[in-house]
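Chemist: data-v8.csv (CSV, N, CA and C atoms) pasted underneath:
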chain,number,residue,atom,x,y,z
A,7,MET,N,0.8,-1.2,0.0
A,7,MET,CA,0.0,0.0,0.0
A,7,MET,C,0.9,1.2,0.0
A,8,ALA,N,1.9,1.2,0.8
A,8,ALA,CA,2.8,2.4,0.8
A,8,ALA,C,3.5,2.6,-0.5
A,9,TYR,N,3.9,1.5,-1.2
A,9,TYR,CA,4.5,1.7,-2.5
A,9,TYR,C,3.5,2.2,-3.5
A,10,GLU,N,2.2,1.8,-3.5
A,10,GLU,CA,1.2,2.3,-4.4
A,10,GLU,C,0.9,3.8,-4.1
A,11,ARG,N,1.0,4.2,-2.9
A,11,ARG,CA,0.8,5.6,-2.6
A,11,ARG,C,1.9,6.5,-3.3
A,12,ILE,N,3.1,6.0,-3.5
A,12,ILE,CA,4.1,6.7,-4.1
A,12,ILE,C,4.1,6.6,-5.6
A,13,THR,N,3.9,5.3,-6.1
A,13,THR,CA,4.0,5.1,-7.6
A,13,THR,C,2.7,5.1,-8.3
A,14,GLY,N,1.6,4.9,-7.6
A,14,GLY,CA,0.3,4.8,-8.2
A,14,GLY,C,-0.2,3.4,-8.2
A,15,PRO,N,-1.4,3.1,-8.7
A,15,PRO,CA,-1.9,1.7,-8.7
A,15,PRO,C,-1.1,0.8,-9.5
A,16,LEU,N,-1.0,-0.5,-9.1
A,16,LEU,CA,-0.2,-1.5,-9.8
A,16,LEU,C,-1.1,-2.4,-10.6
A,17,ASP,N,-2.3,-2.5,-10.4
A,17,ASP,CA,-3.2,-3.4,-11.1
A,17,ASP,C,-3.7,-2.8,-12.4
A,18,GLY,N,-4.8,-3.3,-12.9
A,18,GLY,CA,-5.4,-2.8,-14.1
A,18,GLY,C,-5.8,-1.4,-14.1
A,19,ARG,N,-6.1,-0.8,-12.9
A,19,ARG,CA,-6.5,0.6,-12.8
A,19,ARG,C,-5.4,1.5,-13.4
A,20,ARG,N,-4.1,1.1,-13.3
A,20,ARG,CA,-3.1,1.9,-13.8
A,20,ARG,C,-3.1,2.1,-15.3
A,21,GLY,N,-3.4,1.0,-16.0
A,21,GLY,CA,-3.6,1.0,-17.4
A,21,GLY,C,-4.7,1.8,-17.9
A,22,ASP,N,-5.9,1.7,-17.1
A,22,ASP,CA,-7.0,2.5,-17.4
A,22,ASP,C,-6.7,4.0,-17.3
A,23,ILE,N,-5.9,4.4,-16.3
A,23,ILE,CA,-5.6,5.8,-16.1
A,23,ILE,C,-4.7,6.3,-17.2
A,24,GLN,N,-3.7,5.4,-17.6
A,24,GLN,CA,-2.8,5.8,-18.7
A,24,GLN,C,-3.5,6.0,-20.0
A,25,ALA,N,-4.4,5.0,-20.3
A,25,ALA,CA,-5.2,5.1,-21.5
A,25,ALA,C,-6.1,6.4,-21.5
A,26,ALA,N,-6.7,6.7,-20.3
A,26,ALA,CA,-7.5,7.9,-20.2
A,26,ALA,C,-6.8,9.2,-20.4
A,27,ILE,N,-5.5,9.2,-20.0
A,27,ILE,CA,-4.7,10.4,-20.2
A,27,ILE,C,-4.5,10.6,-21.7
A,28,ILE,N,-4.2,9.5,-22.4
A,28,ILE,CA,-3.9,9.6,-23.8
A,28,ILE,C,-5.2,10.0,-24.6
A,29,ALA,N,-6.3,9.3,-24.2
A,29,ALA,CA,-7.6,9.6,-24.9
A,29,ALA,C,-8.0,11.0,-24.7
A,30,SER,N,-7.8,11.6,-23.5
A,30,SER,CA,-8.3,13.0,-23.3
A,30,SER,C,-7.4,13.9,-24.1
A,31,THR,N,-6.1,13.6,-24.2
A,31,THR,CA,-5.2,14.4,-24.9
A,31,THR,C,-5.6,14.4,-26.4
A,32,VAL,N,-5.8,13.3,-27.0
A,32,VAL,CA,-6.2,13.2,-28.4
A,32,VAL,C,-7.5,13.9,-28.6
A,33,ALA,N,-8.5,13.6,-27.7
A,33,ALA,CA,-9.8,14.2,-27.9
A,33,ALA,C,-9.8,15.8,-27.8
A,34,ASN,N,-9.0,16.3,-26.9
A,34,ASN,CA,-8.9,17.7,-26.7
A,34,ASN,C,-8.1,18.3,-27.9
A,35,SER,N,-7.2,17.6,-28.5
A,35,SER,CA,-6.5,18.2,-29.7
A,35,SER,C,-7.4,18.3,-30.9
A,36,GLN,N,-8.5,17.6,-30.9
A,36,GLN,CA,-9.4,17.6,-32.0
A,36,GLN,C,-10.7,18.4,-31.8
A,37,ARG,N,-10.9,18.9,-30.6
A,37,ARG,CA,-12.1,19.6,-30.3
A,37,ARG,C,-12.0,21.1,-30.8
A,38,SER,N,-13.1,21.7,-31.1
A,38,SER,CA,-13.1,23.1,-31.5
A,38,SER,C,-13.4,24.0,-30.4
A,39,LYS,N,-14.5,23.7,-29.7
A,39,LYS,CA,-15.0,24.6,-28.6
A,39,LYS,C,-15.6,23.7,-27.5
A,40,GLY,N,-15.9,24.3,-26.4
A,40,GLY,CA,-16.5,23.6,-25.3
A,40,GLY,C,-15.6,23.2,-24.2
A,41,ARG,N,-16.1,22.5,-23.3
A,41,ARG,CA,-15.4,22.0,-22.2
A,41,ARG,C,-14.2,21.1,-22.5
A,42,ALA,N,-13.1,21.3,-22.0
A,42,ALA,CA,-12.0,20.4,-22.2
A,42,ALA,C,-12.3,19.1,-21.4
A,43,LEU,N,-12.0,18.0,-22.1
A,43,LEU,CA,-12.2,16.7,-21.5
A,43,LEU,C,-11.1,16.3,-20.6
A,44,GLN,N,-11.4,15.7,-19.5
A,44,GLN,CA,-10.5,15.3,-18.5
A,44,GLN,C,-10.3,13.8,-18.6
A,45,PRO,N,-9.1,13.3,-18.1
A,45,PRO,CA,-8.9,11.9,-18.1
A,45,PRO,C,-10.0,11.1,-17.4
A,46,LYS,N,-10.6,11.7,-16.3
A,46,LYS,CA,-11.7,11.0,-15.6
A,46,LYS,C,-12.9,10.7,-16.5
A,47,ASP,N,-13.0,11.5,-17.6
A,47,ASP,CA,-14.1,11.3,-18.5
A,47,ASP,C,-14.0,10.0,-19.3
A,48,PHE,N,-12.8,9.4,-19.3
A,48,PHE,CA,-12.5,8.3,-20.1
A,48,PHE,C,-12.2,7.0,-19.3
A,49,ILE,N,-12.3,7.1,-18.0
A,49,ILE,CA,-12.0,6.0,-17.1
A,49,ILE,C,-13.3,5.1,-17.0
A,50,PRO,N,-13.2,3.9,-17.4
A,50,PRO,CA,-14.4,3.0,-17.3
A,50,PRO,C,-14.9,2.8,-15.9
A,51,LYS,N,-16.2,2.7,-15.7
A,51,LYS,CA,-16.8,2.5,-14.4
A,51,LYS,C,-17.2,1.0,-14.5
A,52,TRP,N,-16.4,0.1,-13.9
A,52,TRP,CA,-16.7,-1.3,-13.9
A,52,TRP,C,-17.8,-1.6,-12.9
A,53,ASP,N,-18.8,-2.3,-13.4
A,53,ASP,CA,-20.0,-2.6,-12.5
A,53,ASP,C,-19.5,-3.7,-11.5
A,54,ARG,N,-20.0,-3.5,-10.3
A,54,ARG,CA,-19.8,-4.5,-9.3
A,54,ARG,C,-21.0,-5.4,-9.3
A,55,PRO,N,-20.9,-6.7,-9.3
A,55,PRO,CA,-22.1,-7.5,-9.2
A,55,PRO,C,-22.8,-7.3,-7.9
A,56,ARG,N,-24.1,-7.4,-7.9
A,56,ARG,CA,-24.9,-7.2,-6.7
A,56,ARG,C,-24.8,-8.5,-5.9
A,57,ALA,N,-25.0,-8.4,-4.6
A,57,ALA,CA,-24.9,-9.6,-3.7
A,57,ALA,C,-26.1,-10.5,-4.1
A,58,MET,N,-25.8,-11.8,-4.1
A,58,MET,CA,-26.8,-12.8,-4.3
A,58,MET,C,-27.7,-13.0,-3.1
A,59,THR,N,-28.9,-13.3,-3.4
A,59,THR,CA,-29.8,-13.7,-2.3
A,59,THR,C,-29.5,-15.1,-1.9
A,60,PRO,N,-29.9,-15.6,-0.7
A,60,PRO,CA,-29.7,-17.0,-0.3
A,60,PRO,C,-30.3,-17.9,-1.3
A,61,GLU,N,-31.4,-17.6,-1.8
A,61,GLU,CA,-32.0,-18.5,-2.8
A,61,GLU,C,-31.2,-18.6,-4.1
A,62,GLU,N,-30.6,-17.5,-4.5
A,62,GLU,CA,-29.8,-17.5,-5.7
A,62,GLU,C,-28.5,-18.3,-5.4
A,63,MET,N,-27.9,-18.1,-4.2
A,63,MET,CA,-26.7,-18.9,-3.9
A,63,MET,C,-27.0,-20.4,-3.9
A,64,TRP,N,-28.2,-20.8,-3.3
A,64,TRP,CA,-28.6,-22.2,-3.3
A,64,TRP,C,-28.7,-22.7,-4.8
A,65,ALA,N,-29.4,-21.9,-5.6
A,65,ALA,CA,-29.6,-22.4,-7.0
A,65,ALA,C,-28.2,-22.5,-7.7
A,66,ALA,N,-27.3,-21.6,-7.5
A,66,ALA,CA,-26.0,-21.6,-8.1
A,66,ALA,C,-25.2,-22.8,-7.6
A,67,ALA,N,-25.3,-23.1,-6.3
A,67,ALA,CA,-24.6,-24.3,-5.8
A,67,ALA,C,-25.2,-25.6,-6.4
A,68,MET,N,-26.5,-25.6,-6.5
A,68,MET,CA,-27.1,-26.8,-7.1
A,68,MET,C,-26.7,-27.0,-8.6
A,69,GLN,N,-26.6,-25.9,-9.3
A,69,GLN,CA,-26.2,-25.9,-10.7
A,69,GLN,C,-24.8,-26.4,-10.8
A,70,ALA,N,-23.9,-25.9,-9.9
A,70,ALA,CA,-22.5,-26.4,-10.0
A,70,ALA,C,-22.4,-27.8,-9.6
A,71,ASN,N,-23.2,-28.3,-8.6
A,71,ASN,CA,-23.2,-29.7,-8.2
A,71,ASN,C,-23.6,-30.6,-9.3
A,72,THR,N,-24.7,-30.2,-10.0
A,72,THR,CA,-25.2,-31.0,-11.2
A,72,THR,C,-24.1,-31.0,-12.3
A,73,ALA,N,-23.5,-29.8,-12.6
A,73,ALA,CA,-22.6,-29.7,-13.6
A,73,ALA,C,-21.3,-30.6,-13.4
A,74,LEU,N,-21.0,-30.8,-12.1
A,74,LEU,CA,-19.8,-31.6,-11.7
A,74,LEU,C,-20.2,-33.1,-11.5
A,75,GLY,N,-21.5,-33.4,-11.8
A,75,GLY,CA,-21.9,-34.8,-11.6
A,75,GLY,C,-22.3,-35.2,-10.2
A,76,GLY,N,-22.5,-34.3,-9.4
A,76,GLY,CA,-22.9,-34.6,-8.0
A,76,GLY,C,-24.3,-35.0,-7.9
A,77,SER,N,-24.7,-35.4,-6.7
A,77,SER,CA,-26.1,-35.7,-6.5
A,77,SER,C,-26.5,-35.2,-5.1
A,78,ILE,N,-27.8,-35.1,-4.9
A,78,ILE,CA,-28.4,-34.6,-3.7
A,78,ILE,C,-29.1,-35.8,-3.0
A,79,THR,N,-28.7,-36.0,-1.8
A,79,THR,CA,-29.3,-37.1,-1.0
A,79,THR,C,-30.0,-36.4,0.2
A,80,THR,N,-31.2,-36.7,0.4
A,80,THR,CA,-31.9,-36.2,1.6
A,80,THR,C,-32.5,-37.4,2.4
A,81,THR,N,-32.7,-37.2,3.6
A,81,THR,CA,-33.3,-38.2,4.5
A,81,THR,C,-34.5,-37.6,5.2
A,82,THR,N,-35.5,-38.4,5.3
A,82,THR,CA,-36.7,-38.0,6.1
A,82,THR,C,-36.9,-38.9,7.2
A,83,GLU,N,-37.1,-38.4,8.4
A,83,GLU,CA,-37.3,-39.3,9.5
A,83,GLU,C,-38.6,-39.0,10.2
Mind converting the file's structure to structure tokens?
Modeler:
Amino acid sequence: MAYERITGPLDGRRGDIQAAIIASTVANSQRSKGRALQPKDFIPKWDRPRAMTPEEMWAAAMQANTALGGSITTTTE
């Protein structure tokens, strides 16, 4: 964390930031009037998946179980 504070992000965010800087430079060199575009205008906003409900988790587990050839055994007493 300390290294990233000095050098910037090390994961994919760094590439997104670098590409955004280049994209804003190119876009601004071609614009005639209006607001200058900033690198933040070109950084993608990756969607985070929403949390699954317990029912969705159960369905996903059953689907994975079936796909891997598993079976479900229940007992009734």
Chemist: Step one, run DSSP on the backbone; step two, keep only residues of chain A assigned to helix (DSSP H, G or I); then write them as an NGL selection string.
Modeler: :A and (8-13 or 18-36 or 45-48 or 60-73)
Chemist: Please dump the current selection as a compact mmCIF listing (two decimals), in the coordinates of the input; keep N, CA and C atoms.
Modeler:
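And here is the file that came out, part-v6.txt:
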# COMPACT_ATOMS: atom_id res chain seq x y z
N ALA A 8 1.90 1.20 0.80
CA ALA A 8 2.80 2.40 0.80
C ALA A 8 3.50 2.60 -0.50
N TYR A 9 3.90 1.50 -1.20
CA TYR A 9 4.50 1.70 -2.50
C TYR A 9 3.50 2.20 -3.50
N GLU A 10 2.20 1.80 -3.50
CA GLU A 10 1.20 2.30 -4.40
C GLU A 10 0.90 3.80 -4.10
N ARG A 11 1.00 4.20 -2.90
CA ARG A 11 0.80 5.60 -2.60
C ARG A 11 1.90 6.50 -3.30
N ILE A 12 3.10 6.00 -3.50
CA ILE A 12 4.10 6.70 -4.10
C ILE A 12 4.10 6.60 -5.60
N THR A 13 3.90 5.30 -6.10
CA THR A 13 4.00 5.10 -7.60
C THR A 13 2.70 5.10 -8.30
N GLY A 18 -4.80 -3.30 -12.90
CA GLY A 18 -5.40 -2.80 -14.10
C GLY A 18 -5.80 -1.40 -14.10
N ARG A 19 -6.10 -0.80 -12.90
CA ARG A 19 -6.50 0.60 -12.80
C ARG A 19 -5.40 1.50 -13.40
N ARG A 20 -4.10 1.10 -13.30
CA ARG A 20 -3.10 1.90 -13.80
C ARG A 20 -3.10 2.10 -15.30
N GLY A 21 -3.40 1.00 -16.00
CA GLY A 21 -3.60 1.00 -17.40
C GLY A 21 -4.70 1.80 -17.90
N ASP A 22 -5.90 1.70 -17.10
CA ASP A 22 -7.00 2.50 -17.40
C ASP A 22 -6.70 4.00 -17.30
N ILE A 23 -5.90 4.40 -16.30
CA ILE A 23 -5.60 5.80 -16.10
C ILE A 23 -4.70 6.30 -17.20
N GLN A 24 -3.70 5.40 -17.60
CA GLN A 24 -2.80 5.80 -18.70
C GLN A 24 -3.50 6.00 -20.00
N ALA A 25 -4.40 5.00 -20.30
CA ALA A 25 -5.20 5.10 -21.50
C ALA A 25 -6.10 6.40 -21.50
N ALA A 26 -6.70 6.70 -20.30
CA ALA A 26 -7.50 7.90 -20.20
C ALA A 26 -6.80 9.20 -20.40
N ILE A 27 -5.50 9.20 -20.00
CA ILE A 27 -4.70 10.40 -20.20
C ILE A 27 -4.50 10.60 -21.70
N ILE A 28 -4.20 9.50 -22.40
CA ILE A 28 -3.90 9.60 -23.80
C ILE A 28 -5.20 10.00 -24.60
N ALA A 29 -6.30 9.30 -24.20
CA ALA A 29 -7.60 9.60 -24.90
C ALA A 29 -8.00 11.00 -24.70
N SER A 30 -7.80 11.60 -23.50
CA SER A 30 -8.30 13.00 -23.30
C SER A 30 -7.40 13.90 -24.10
N THR A 31 -6.10 13.60 -24.20
CA THR A 31 -5.20 14.40 -24.90
C THR A 31 -5.60 14.40 -26.40
N VAL A 32 -5.80 13.30 -27.00
CA VAL A 32 -6.20 13.20 -28.40
C VAL A 32 -7.50 13.90 -28.60
N ALA A 33 -8.50 13.60 -27.70
CA ALA A 33 -9.80 14.20 -27.90
C ALA A 33 -9.80 15.80 -27.80
N ASN A 34 -9.00 16.30 -26.90
CA ASN A 34 -8.90 17.70 -26.70
C ASN A 34 -8.10 18.30 -27.90
N SER A 35 -7.20 17.60 -28.50
CA SER A 35 -6.50 18.20 -29.70
C SER A 35 -7.40 18.30 -30.90
N GLN A 36 -8.50 17.60 -30.90
CA GLN A 36 -9.40 17.60 -32.00
C GLN A 36 -10.70 18.40 -31.80
N PRO A 45 -9.10 13.30 -18.10
CA PRO A 45 -8.90 11.90 -18.10
C PRO A 45 -10.00 11.10 -17.40
N LYS A 46 -10.60 11.70 -16.30
CA LYS A 46 -11.70 11.00 -15.60
C LYS A 46 -12.90 10.70 -16.50
N ASP A 47 -13.00 11.50 -17.60
CA ASP A 47 -14.10 11.30 -18.50
C ASP A 47 -14.00 10.00 -19.30
N PHE A 48 -12.80 9.40 -19.30
CA PHE A 48 -12.50 8.30 -20.10
C PHE A 48 -12.20 7.00 -19.30
N PRO A 60 -29.90 -15.60 -0.70
CA PRO A 60 -29.70 -17.00 -0.30
C PRO A 60 -30.30 -17.90 -1.30
N GLU A 61 -31.40 -17.60 -1.80
CA GLU A 61 -32.00 -18.50 -2.80
C GLU A 61 -31.20 -18.60 -4.10
N GLU A 62 -30.60 -17.50 -4.50
CA GLU A 62 -29.80 -17.50 -5.70
C GLU A 62 -28.50 -18.30 -5.40
N MET A 63 -27.90 -18.10 -4.20
CA MET A 63 -26.70 -18.90 -3.90
C MET A 63 -27.00 -20.40 -3.90
N TRP A 64 -28.20 -20.80 -3.30
CA TRP A 64 -28.60 -22.20 -3.30
C TRP A 64 -28.70 -22.70 -4.80
N ALA A 65 -29.40 -21.90 -5.60
CA ALA A 65 -29.60 -22.40 -7.00
C ALA A 65 -28.20 -22.50 -7.70
N ALA A 66 -27.30 -21.60 -7.50
CA ALA A 66 -26.00 -21.60 -8.10
C ALA A 66 -25.20 -22.80 -7.60
N ALA A 67 -25.30 -23.10 -6.30
CA ALA A 67 -24.60 -24.30 -5.80
C ALA A 67 -25.20 -25.60 -6.40
N MET A 68 -26.50 -25.60 -6.50
CA MET A 68 -27.10 -26.80 -7.10
C MET A 68 -26.70 -27.00 -8.60
N GLN A 69 -26.60 -25.90 -9.30
CA GLN A 69 -26.20 -25.90 -10.70
C GLN A 69 -24.80 -26.40 -10.80
N ALA A 70 -23.90 -25.90 -9.90
CA ALA A 70 -22.50 -26.40 -10.00
C ALA A 70 -22.40 -27.80 -9.60
N ASN A 71 -23.20 -28.30 -8.60
CA ASN A 71 -23.20 -29.70 -8.20
C ASN A 71 -23.60 -30.60 -9.30
N THR A 72 -24.70 -30.20 -10.00
CA THR A 72 -25.20 -31.00 -11.20
C THR A 72 -24.10 -31.00 -12.30
N ALA A 73 -23.50 -29.80 -12.60
CA ALA A 73 -22.60 -29.70 -13.60
C ALA A 73 -21.30 -30.60 -13.40
Chemist: Please measure the separation of atom C of Ser35 (chain A) and atom N of Trp52 (chain A), giving the value in Å to one decimal.
Modeler: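 Spanning atom C of Ser35 (chain A) to atom N of Trp52 (chain A) is a straight-line distance of 26.5 Å.
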Chemist: Grab the CA of Asp22 (chain A) to atom C of Lys46 (chain A) distance for me, in Å with one decimal place.
Modeler: 10.1 Å
Chemist: Just give me the gap between CA of Pro45 (chain A) and CA of Gly21 (chain A) in Å, one decimal is fine.
Modeler: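 If I compute the distance from CA of Pro45 (chain A) to CA of Gly21 (chain A), I get 12.1 Å.
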Chemist: Measuring between only C-alpha atoms, which one of A:Ala66, A:Ile12, A:Ala33, A:Ile23 shows the shortest distance to Ile49 (chain A)?
Modeler: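 Going through A:Ala66, A:Ile12, A:Ala33, A:Ile23 one by one, the smallest distance to Ile49 (chain A) is for A:Ile23.
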